[in-house]
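Listing of model_22.cif, mmCIF, C-alpha atoms
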```cif
data_input
#
loop_
_atom_site.label_atom_id
_atom_site.label_comp_id
_atom_site.auth_asym_id
_atom_site.auth_seq_id
_atom_site.Cartn_x
_atom_site.Cartn_y
_atom_site.Cartn_z
CA ALA A 1 43.68 25.18 -7.72
CA GLN A 2 46.15 26.57 -5.26
CA SER A 3 45.63 29.89 -3.50
CA VAL A 4 47.38 31.93 -0.82
CA THR A 5 45.83 34.29 1.71
CA GLN A 6 47.88 36.83 3.60
CA LEU A 7 45.53 38.01 6.27
CA ASP A 8 47.11 41.39 6.95
CA SER A 9 47.80 43.90 4.19
CA GLN A 10 49.74 46.18 6.53
CA VAL A 11 51.55 45.54 9.81
CA PRO A 12 53.09 48.50 11.65
CA VAL A 13 55.42 47.70 14.55
CA PHE A 14 58.02 49.44 16.65
CA GLU A 15 61.69 48.63 16.38
CA GLU A 16 62.81 45.66 18.52
CA ALA A 17 59.24 44.39 18.85
CA PRO A 18 58.28 40.86 17.70
CA VAL A 19 56.25 40.42 14.56
CA GLU A 20 54.19 37.68 12.89
CA LEU A 21 53.03 37.87 9.29
CA ARG A 22 50.29 35.39 8.61
CA CYS A 23 49.94 33.16 5.56
CA ASN A 24 47.37 30.47 4.81
CA TYR A 25 47.24 28.39 1.66
CA SER A 26 44.77 26.17 -0.09
CA SER A 27 45.82 23.19 -2.15
CA SER A 28 44.67 19.66 -2.79
CA VAL A 29 48.17 18.25 -3.27
CA SER A 30 51.60 18.48 -1.67
CA VAL A 31 52.97 22.00 -1.64
CA TYR A 32 56.22 23.84 -1.43
CA LEU A 33 56.14 27.14 0.45
CA PHE A 34 58.18 30.31 0.17
CA TRP A 35 58.46 33.76 1.69
CA TYR A 36 59.84 36.51 -0.51
CA VAL A 37 60.68 40.10 0.44
CA GLN A 38 60.46 43.12 -1.84
CA TYR A 39 62.12 46.46 -1.16
CA PRO A 40 60.92 49.58 -3.01
CA ASN A 41 61.63 49.52 -6.74
CA GLN A 42 63.27 46.13 -6.48
CA GLY A 43 62.48 42.57 -7.50
CA LEU A 44 61.67 39.78 -5.08
CA GLN A 45 64.30 38.20 -2.86
CA LEU A 46 63.85 34.76 -1.35
CA LEU A 47 63.68 34.94 2.45
CA LEU A 48 63.11 31.28 3.25
CA LYS A 49 61.56 28.13 1.88
CA TYR A 50 59.94 24.88 2.93
CA LEU A 51 60.44 22.02 0.51
CA SER A 52 60.50 19.00 2.86
CA GLY A 53 61.94 17.84 6.17
CA SER A 54 61.83 20.01 9.28
CA THR A 55 58.69 22.11 9.44
CA LEU A 56 60.57 25.01 11.04
CA VAL A 57 62.75 26.91 8.61
CA GLU A 58 65.00 29.87 9.32
CA SER A 59 66.61 32.67 7.34
CA ILE A 60 70.05 34.16 7.88
CA ASN A 61 68.61 37.48 9.11
CA GLY A 62 66.54 36.15 12.00
CA PHE A 63 63.20 35.35 10.37
CA GLU A 64 61.63 31.94 10.77
CA ALA A 65 58.49 30.24 9.49
CA GLU A 66 56.72 27.06 10.47
CA PHE A 67 54.84 24.82 8.07
CA ASN A 68 51.64 23.60 9.69
CA LYS A 69 49.93 21.10 7.42
CA SER A 70 46.81 20.63 9.58
CA GLN A 71 46.17 24.38 9.67
CA THR A 72 47.48 24.93 6.11
CA SER A 73 49.60 27.80 7.37
CA PHE A 74 53.13 29.10 6.92
CA HIS A 75 53.37 32.12 9.21
CA LEU A 76 56.52 34.25 9.23
CA ARG A 77 57.96 35.43 12.56
CA LYS A 78 60.83 37.51 13.88
CA PRO A 79 61.44 38.03 17.61
CA SER A 80 62.92 41.52 17.24
CA VAL A 81 62.60 43.65 14.10
CA HIS A 82 64.88 46.39 12.79
CA ILE A 83 64.14 49.51 10.77
CA SER A 84 65.81 47.79 7.81
CA ASP A 85 63.12 45.06 7.84
CA THR A 86 60.63 47.58 6.46
CA ALA A 87 59.50 46.05 3.16
CA GLU A 88 56.67 44.12 1.56
CA TYR A 89 56.57 40.40 2.26
CA PHE A 90 54.97 37.84 -0.02
CA CYS A 91 54.02 34.28 0.78
CA ALA A 92 54.01 31.91 -2.19
CA VAL A 93 53.08 28.31 -2.87
CA SER A 94 54.10 25.92 -5.61
CA GLU A 95 52.27 22.67 -6.09
CA SER A 96 53.95 19.43 -6.96
CA MET A 97 52.35 18.97 -10.33
CA GLY A 98 54.79 17.23 -12.57
CA SER A 99 56.65 19.38 -14.99
CA ASN A 100 54.60 22.51 -14.45
CA TYR A 101 56.31 25.18 -12.39
CA LYS A 102 54.20 28.03 -11.16
CA LEU A 103 54.26 30.17 -8.04
CA THR A 104 51.01 31.48 -6.64
CA PHE A 105 51.50 34.54 -4.46
CA GLY A 106 49.50 36.14 -1.71
CA LYS A 107 48.60 39.82 -1.97
CA GLY A 108 51.52 40.78 0.23
CA THR A 109 51.95 42.31 3.70
CA LEU A 110 53.61 45.69 4.06
CA LEU A 111 55.73 45.60 7.22
CA THR A 112 56.58 49.06 8.52
CA VAL A 113 59.05 49.26 11.38
CA ASN A 114 58.92 52.54 13.26
CA PRO A 115 61.64 53.92 15.56
CA LYS B 1 77.47 34.29 -10.24
CA ALA B 2 75.40 36.94 -12.03
CA GLY B 3 71.75 37.24 -11.10
CA VAL B 4 68.70 37.53 -13.31
CA THR B 5 68.98 40.52 -15.62
CA GLN B 6 65.95 42.28 -17.04
CA THR B 7 66.08 45.00 -19.66
CA PRO B 8 65.02 47.70 -19.91
CA ARG B 9 64.32 48.76 -16.30
CA TYR B 10 61.80 51.42 -17.29
CA LEU B 11 59.64 51.84 -20.36
CA ILE B 12 56.95 54.30 -21.42
CA LYS B 13 54.69 53.34 -24.30
CA THR B 14 51.53 54.68 -25.90
CA ARG B 15 48.24 52.83 -26.05
CA GLY B 16 48.06 50.58 -29.09
CA GLN B 17 51.81 50.09 -29.39
CA GLN B 18 53.61 46.85 -28.71
CA VAL B 19 56.53 46.19 -26.39
CA THR B 20 59.20 43.53 -25.93
CA LEU B 21 60.86 42.86 -22.59
CA SER B 22 64.01 40.81 -22.14
CA CYS B 23 65.22 38.49 -19.41
CA SER B 24 68.58 36.76 -19.01
CA PRO B 25 68.40 33.98 -16.40
CA ILE B 26 71.10 32.81 -14.04
CA SER B 27 73.67 30.73 -15.88
CA GLY B 28 72.59 27.10 -15.94
CA HIS B 29 68.95 27.79 -15.18
CA ARG B 30 66.64 26.49 -17.89
CA SER B 31 63.28 27.52 -16.42
CA VAL B 32 62.15 31.11 -16.89
CA SER B 33 58.84 32.45 -15.59
CA TRP B 34 57.17 35.82 -16.04
CA TYR B 35 54.92 37.62 -13.57
CA GLN B 36 52.91 40.83 -13.71
CA GLN B 37 52.72 42.92 -10.54
CA THR B 38 50.09 45.63 -10.08
CA PRO B 39 48.78 47.34 -6.93
CA GLY B 40 45.29 46.00 -7.52
CA GLN B 41 45.93 42.42 -8.61
CA GLY B 42 49.24 41.75 -6.93
CA LEU B 43 51.60 39.22 -8.49
CA GLN B 44 50.08 37.18 -11.27
CA PHE B 45 51.70 34.36 -13.22
CA LEU B 46 51.99 34.94 -16.96
CA PHE B 47 53.87 31.91 -18.32
CA GLU B 48 56.82 29.61 -17.82
CA TYR B 49 59.34 28.34 -20.35
CA PHE B 50 61.73 25.43 -20.15
CA SER B 51 64.15 24.50 -22.90
CA GLU B 52 62.39 26.78 -25.40
CA THR B 53 58.95 25.25 -24.68
CA GLN B 54 56.08 26.96 -22.90
CA ARG B 55 55.08 24.56 -20.14
CA ASN B 56 52.53 26.59 -18.25
CA LYS B 57 50.41 29.64 -18.97
CA GLY B 58 48.43 31.97 -16.74
CA ASN B 59 45.07 33.53 -17.40
CA PHE B 60 46.09 36.43 -19.62
CA PRO B 61 44.79 37.41 -23.08
CA GLY B 62 46.59 36.37 -26.22
CA ARG B 63 48.14 39.85 -26.50
CA PHE B 64 50.69 38.56 -24.01
CA SER B 65 53.19 36.16 -25.51
CA GLY B 66 56.69 34.98 -24.88
CA ARG B 67 59.49 32.86 -26.13
CA GLN B 68 62.73 31.35 -24.95
CA PHE B 69 65.93 30.98 -26.89
CA SER B 70 68.42 28.13 -26.92
CA ASN B 71 70.64 30.01 -24.43
CA SER B 72 67.63 30.19 -22.04
CA ARG B 73 67.22 33.94 -22.46
CA SER B 74 63.57 34.86 -22.69
CA GLU B 75 61.47 37.65 -24.10
CA MET B 76 57.88 38.58 -23.51
CA ASN B 77 55.82 40.65 -25.89
CA VAL B 78 52.67 42.61 -25.30
CA SER B 79 50.81 43.79 -28.39
CA THR B 80 48.13 46.48 -28.66
CA LEU B 81 48.97 47.94 -25.29
CA GLU B 82 46.19 49.06 -22.98
CA LEU B 83 46.37 51.43 -20.03
CA GLY B 84 45.75 48.47 -17.72
CA ASP B 85 48.97 46.83 -18.88
CA SER B 86 50.94 49.35 -16.84
CA ALA B 87 52.75 47.22 -14.28
CA LEU B 88 56.03 45.89 -13.01
CA TYR B 89 56.94 42.82 -15.05
CA LEU B 90 59.14 40.37 -13.20
CA CYS B 91 61.15 37.54 -14.63
CA ALA B 92 62.29 34.62 -12.51
CA SER B 93 64.69 31.80 -13.25
CA SER B 94 65.15 28.47 -11.53
CA ASN B 95 66.92 25.20 -12.04
CA PHE B 96 63.63 23.40 -11.65
CA THR B 97 63.26 20.27 -13.71
CA HIS B 98 60.80 17.99 -11.91
CA VAL B 99 61.02 19.11 -8.28
CA PRO B 100 60.10 22.72 -7.41
CA THR B 101 62.93 24.86 -6.10
CA GLU B 102 63.14 28.52 -5.33
CA ALA B 103 62.86 31.08 -8.10
CA PHE B 104 65.35 33.92 -8.41
CA PHE B 105 63.84 37.19 -9.55
CA GLY B 106 65.20 40.05 -11.59
CA GLN B 107 64.63 43.69 -10.63
CA GLY B 108 61.80 43.95 -13.09
CA THR B 109 60.78 46.18 -15.95
CA ARG B 110 58.37 48.95 -15.05
CA LEU B 111 56.07 49.53 -17.99
CA THR B 112 53.93 52.64 -18.13
CA VAL B 113 51.27 52.90 -20.84
CA VAL B 114 50.00 56.40 -21.56
#
```
Have the structure of the file written as structure tokens, please.
Amino acid sequence: AQSVTQLDSQVPVFEEAPVELRCNYSSSVSVYLFWYVQYPNQGLQLLLKYLSGSTLVESINGFEAEFNKSQTSFHLRKPSVHISDTAEYFCAVSESMGSNYKLTFGKGTLLTVNP
Amino acid sequence: KAGVTQTPRYLIKTRGQQVTLSCSPISGHRSVSWYQQTPGQGLQFLFEYFSETQRNKGNFPGRFSGRQFSNSRSEMNVSTLELGDSALYLCASSNFTHVPTEAFFGQGTRLTVV
């Protein structure tokens, strides 16, 4: 069975500082990996995804994540954060298992950007 | 292109009652999934429907059920509500057929059971 571990439940940083949100997964088959962001009282928005190809994926707002198969990780990074990046971030995995579609989420990391 | 629409946004129910939540997926998407989000358990998968058939089900009691209509709209029903059912219920749609793609989420329905 697939599982996702987000090692940090809360990450406080100062504006313009770099940040890394860690995500490790467990699966016995090929996986597809996602980062979603959730703002207060909102649903989840896709930040970026790894389906195949290049292991480094980027979002339009400066976040990037690297798929590392040997370390079973998909850490999210941003070189310089803004106040508006304050939100909860969820790492998710979907296994390639035929016609079954299911996302397994980590517990989430609350990123708080302070001025 | 309209996003995923969930109705109602907020709901207050009494223990023992039942509730029905609605989800309209993105046009053309045939896969609809439901998730329960609570502070303690995080995001947990309830079930997934594709072309009116339930293809996958999470580890929830039989009080939780769902269905999908021919236009891909989906409903989930919770019977005999318990206090622990208070949560944000999220619906997600995707155009997944055989290869996983990203899921697009609605804003959720916040259910409070009193």
- Item | Residues near segment 113-115 of chain A, cut-off 9 Å, all atoms listed in the file, skip fewer than 2 positions along chain, as a ChimeraX atom specification | /A:11-17,81-87,111
- Message: What does the structure give for the distance between atom CA of Glu75 of chain B and atom CA of Val37 of chain A, in Å to one decimal?
- Response: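 Answer for the atom CA of Glu75 of chain B to atom CA of Val37 of chain A separation: 24.7 Å.
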Axis-aligned box for all listed atoms of segment 79-93 of chain A, 5 Å per side, centre and edges in Å to one decimal, as JSON:
```
{"center_x": 59.4, "center_y": 38.9, "center_z": 7.4, "size_x": 22.7, "size_y": 31.2, "size_z": 30.5}
```
- Excluding Asn24 of chain A and any residue of its chain fewer than 2 positions from it, enumerate the residues within 9 Å of it, using only C-alpha atoms, and give them as a ChimeraX atom specification. /A:3-7,22,26,71-75,91,106
Counting all atoms listed in the file, which residues of chain A sit at most 10 Å from some atom of chain B, and what is each one's closest atom pair with its distance in Å to one decimal, listed by chain and rising residue number, as CSV?
```
residue,atom,partner,partner_atom,distance
A:Val31,CA,B:Pro100,CA,9.2
A:Tyr32,CA,B:Pro100,CA,7.2
A:Leu33,CA,B:Glu102,CA,9.2
A:Phe34,CA,B:Glu102,CA,7.6
A:Trp35,CA,B:Glu102,CA,9.9
A:Tyr36,CA,B:Ala103,CA,9.8
A:Gln38,CA,B:Gln107,CA,9.7
A:Asn41,CA,B:Gln107,CA,7.6
A:Gln42,CA,B:Gln107,CA,5.0
A:Gly43,CA,B:Gln107,CA,4.0
A:Leu44,CA,B:Phe105,CA,5.6
A:Gln45,CA,B:Phe105,CA,6.8
A:Leu46,CA,B:Phe104,CA,7.3
A:Leu48,CA,B:Glu102,CA,9.0
A:Lys49,CA,B:Glu102,CA,7.4
A:Tyr50,CA,B:Thr101,CA,9.5
A:Leu51,CA,B:Thr101,CA,7.6
A:Phe90,CA,B:Leu43,CA,9.2
A:Ala92,CA,B:Leu43,CA,9.9
A:Ser94,CA,B:Pro100,CA,7.0
A:Glu95,CA,B:Pro100,CA,7.9
A:Ser96,CA,B:Pro100,CA,7.0
A:Met97,CA,B:His98,CA,8.7
A:Gly98,CA,B:His98,CA,6.1
A:Ser99,CA,B:His98,CA,5.4
A:Asn100,CA,B:Asn56,CA,5.9
A:Tyr101,CA,B:Pro100,CA,6.7
A:Lys102,CA,B:Phe45,CA,7.1
A:Leu103,CA,B:Phe45,CA,7.1
A:Thr104,CA,B:Phe45,CA,7.2
A:Phe105,CA,B:Leu43,CA,6.2
A:Gly106,CA,B:Gly42,CA,7.7
A:Lys107,CA,B:Gly42,CA,5.4
A:Gly108,CA,B:Gly42,CA,7.6
```
- Would you be able to write out as a PyMOL selection string which residues have an atom within 12 Å of (71.3, 37.9, 11.3) in the file's coordinates, counting only C-alpha atoms? chain A and resi 58-64+78-82+84-85
- Task: Quick one: everything within 9 Å of Ile26 of chain B, counting all atoms listed in the file, minus sequence neighbours fewer than 2 positions away in the same chain. Send it as a PyMOL selection string.
- Result: chain B and resi 1-5+24+28-30+93-95+104
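Straight-line separation from atom CA of Ser9 of chain A to atom CA of Thr112 of chain A: 11.1 Å.
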- Query: atom CA of Leu21 of chain B and atom CA of Ser86 of chain B are how many Å apart?
  - Reply: 13.2 Å
- Query: With all atoms listed in the file as the basis for distance, which of B:Phe64, B:Ser22, B:Thr7, B:Ile12 is at the shortest distance from Val78 of chain B?
  - Reply: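 Among the listed residues, the smallest separation from Val78 of chain B belongs to B:Phe64.
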- Message: Need the shell around Arg15 of chain B: protein/DNA/RNA residues with any atom at most 7 Å away, counting all atoms listed in the file. Skip same-chain ones fewer than 4 positions apart. Format as a list in words?
- Response: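 That gives Thr80, Leu81, Glu82, Leu83, Val113 and Val114 of chain B.
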- Item | Selected residue, from B:Gln37, B:Thr20, B:Gln6, B:Ser27, that lies nearest to Ser79 of chain B when counting only C-alpha atoms |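 Among B:Gln37, B:Thr20, B:Gln6, B:Ser27, it is B:Thr20 that comes nearest to Ser79 of chain B.
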- Message: Just checking: using all atoms listed in the file, which residue out of A:Leu56, A:Val29, A:Leu110, A:Ala65 ends up closest to Tyr89 of chain A?
- Response: A:Leu110
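Within a radius of 7 Å around (66.6, 29.6, -22.8), the polymer residues are Arg30, Phe50, Ser51, Glu52, Gln68, Phe69, Ser70, Asn71, Ser72, Arg73 and Ser74 of chain B, counting all atoms listed in the file.
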- Note on the structure: Using all atoms listed in the file, the residue out of A:Pro40, A:Val57, A:Thr109, A:Ser27 with shortest distance to Lys69 of chain A is A:Ser27
- Task: Name the closest residue to Leu21 of chain A among the candidates A:Leu76, A:Ser70, A:Val93, A:Leu47; distances are taken between atoms, counting all atoms listed in the file.
- Result: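 Closest to Leu21 of chain A of all the choices is A:Leu76.
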Please, could all heavy atoms be added to segment 71-82 of chain B and the result written as a JSON list (two decimals), in the coordinates of the input?
```json
[["chain", "number", "residue", "atom", "x", "y", "z"],
["B", 71, "ASN", "N", 69.74, 29.68, -25.55],
["B", 71, "ASN", "CA", 70.64, 30.01, -24.43],
["B", 71, "ASN", "C", 69.85, 30.32, -23.16],
["B", 71, "ASN", "O", 70.42, 30.85, -22.20],
["B", 71, "ASN", "CB", 71.55, 31.19, -24.80],
["B", 71, "ASN", "CG", 70.75, 32.45, -25.10],
["B", 71, "ASN", "OD1", 69.52, 32.44, -25.07],
["B", 71, "ASN", "ND2", 71.45, 33.54, -25.38],
["B", 72, "SER", "N", 68.57, 30.00, -23.16],
["B", 72, "SER", "CA", 67.63, 30.19, -22.04],
["B", 72, "SER", "C", 67.16, 31.63, -21.84],
["B", 72, "SER", "O", 66.27, 31.85, -21.03],
["B", 72, "SER", "CB", 68.21, 29.66, -20.71],
["B", 72, "SER", "OG", 68.32, 28.27, -20.75],
["B", 73, "ARG", "N", 67.73, 32.57, -22.54],
["B", 73, "ARG", "CA", 67.22, 33.94, -22.46],
["B", 73, "ARG", "C", 65.77, 33.95, -22.95],
["B", 73, "ARG", "O", 65.39, 33.16, -23.82],
["B", 73, "ARG", "CB", 68.06, 34.88, -23.32],
["B", 73, "ARG", "CG", 67.75, 36.36, -23.11],
["B", 73, "ARG", "CD", 68.68, 37.23, -23.94],
["B", 73, "ARG", "NE", 68.41, 37.14, -25.37],
["B", 73, "ARG", "CZ", 67.50, 37.86, -26.02],
["B", 73, "ARG", "NH1", 66.74, 38.72, -25.36],
["B", 73, "ARG", "NH2", 67.34, 37.72, -27.32],
["B", 74, "SER", "N", 64.99, 34.84, -22.36],
["B", 74, "SER", "CA", 63.57, 34.86, -22.69],
["B", 74, "SER", "C", 63.12, 36.27, -23.00],
["B", 74, "SER", "O", 63.70, 37.26, -22.51],
["B", 74, "SER", "CB", 62.75, 34.29, -21.53],
["B", 74, "SER", "OG", 61.36, 34.35, -21.79],
["B", 75, "GLU", "N", 62.11, 36.37, -23.81],
["B", 75, "GLU", "CA", 61.47, 37.65, -24.10],
["B", 75, "GLU", "C", 59.96, 37.49, -23.92],
["B", 75, "GLU", "O", 59.42, 36.42, -24.15],
["B", 75, "GLU", "CB", 61.73, 38.08, -25.55],
["B", 75, "GLU", "CG", 63.15, 38.52, -25.82],
["B", 75, "GLU", "CD", 63.34, 38.96, -27.27],
["B", 75, "GLU", "OE1", 62.46, 38.69, -28.11],
["B", 75, "GLU", "OE2", 64.39, 39.55, -27.56],
["B", 76, "MET", "N", 59.34, 38.57, -23.48],
["B", 76, "MET", "CA", 57.88, 38.58, -23.51],
["B", 76, "MET", "C", 57.44, 39.79, -24.32],
["B", 76, "MET", "O", 58.11, 40.83, -24.34],
["B", 76, "MET", "CB", 57.26, 38.58, -22.13],
["B", 76, "MET", "CG", 57.42, 39.81, -21.30],
["B", 76, "MET", "SD", 56.23, 39.87, -19.94],
["B", 76, "MET", "CE", 54.77, 40.44, -20.79],
["B", 77, "ASN", "N", 56.34, 39.62, -24.99],
["B", 77, "ASN", "CA", 55.82, 40.65, -25.89],
["B", 77, "ASN", "C", 54.38, 40.95, -25.51],
["B", 77, "ASN", "O", 53.60, 40.03, -25.21],
["B", 77, "ASN", "CB", 55.91, 40.15, -27.33],
["B", 77, "ASN", "CG", 55.46, 41.20, -28.33],
["B", 77, "ASN", "OD1", 54.27, 41.35, -28.58],
["B", 77, "ASN", "ND2", 56.40, 41.94, -28.86],
["B", 78, "VAL", "N", 54.06, 42.22, -25.50],
["B", 78, "VAL", "CA", 52.67, 42.61, -25.30],
["B", 78, "VAL", "C", 52.28, 43.47, -26.50],
["B", 78, "VAL", "O", 52.93, 44.49, -26.78],
["B", 78, "VAL", "CB", 52.45, 43.41, -24.01],
["B", 78, "VAL", "CG1", 50.96, 43.63, -23.77],
["B", 78, "VAL", "CG2", 53.09, 42.72, -22.82],
["B", 79, "SER", "N", 51.26, 43.03, -27.22],
["B", 79, "SER", "CA", 50.81, 43.79, -28.39],
["B", 79, "SER", "C", 49.58, 44.61, -28.03],
["B", 79, "SER", "O", 48.91, 44.35, -27.03],
["B", 79, "SER", "CB", 50.48, 42.82, -29.53],
["B", 79, "SER", "OG", 49.42, 41.96, -29.15],
["B", 80, "THR", "N", 49.31, 45.61, -28.83],
["B", 80, "THR", "CA", 48.13, 46.48, -28.66],
["B", 80, "THR", "C", 47.97, 46.88, -27.20],
["B", 80, "THR", "O", 46.99, 46.54, -26.52],
["B", 80, "THR", "CB", 46.85, 45.78, -29.16],
["B", 80, "THR", "OG1", 47.12, 45.06, -30.36],
["B", 80, "THR", "CG2", 45.77, 46.81, -29.44],
["B", 81, "LEU", "N", 48.93, 47.59, -26.70],
["B", 81, "LEU", "CA", 48.97, 47.94, -25.29],
["B", 81, "LEU", "C", 47.73, 48.70, -24.84],
["B", 81, "LEU", "O", 47.19, 49.55, -25.56],
["B", 81, "LEU", "CB", 50.22, 48.78, -24.99],
["B", 81, "LEU", "CG", 51.53, 48.01, -24.92],
["B", 81, "LEU", "CD1", 52.71, 48.97, -25.00],
["B", 81, "LEU", "CD2", 51.59, 47.17, -23.65],
["B", 82, "GLU", "N", 47.31, 48.36, -23.61],
["B", 82, "GLU", "CA", 46.19, 49.06, -22.98],
["B", 82, "GLU", "C", 46.71, 49.72, -21.70],
["B", 82, "GLU", "O", 47.74, 49.33, -21.15],
["B", 82, "GLU", "CB", 45.08, 48.05, -22.63],
["B", 82, "GLU", "CG", 44.55, 47.31, -23.83],
["B", 82, "GLU", "CD", 43.51, 46.26, -23.44],
["B", 82, "GLU", "OE1", 43.25, 46.10, -22.23],
["B", 82, "GLU", "OE2", 42.98, 45.60, -24.36]]
```
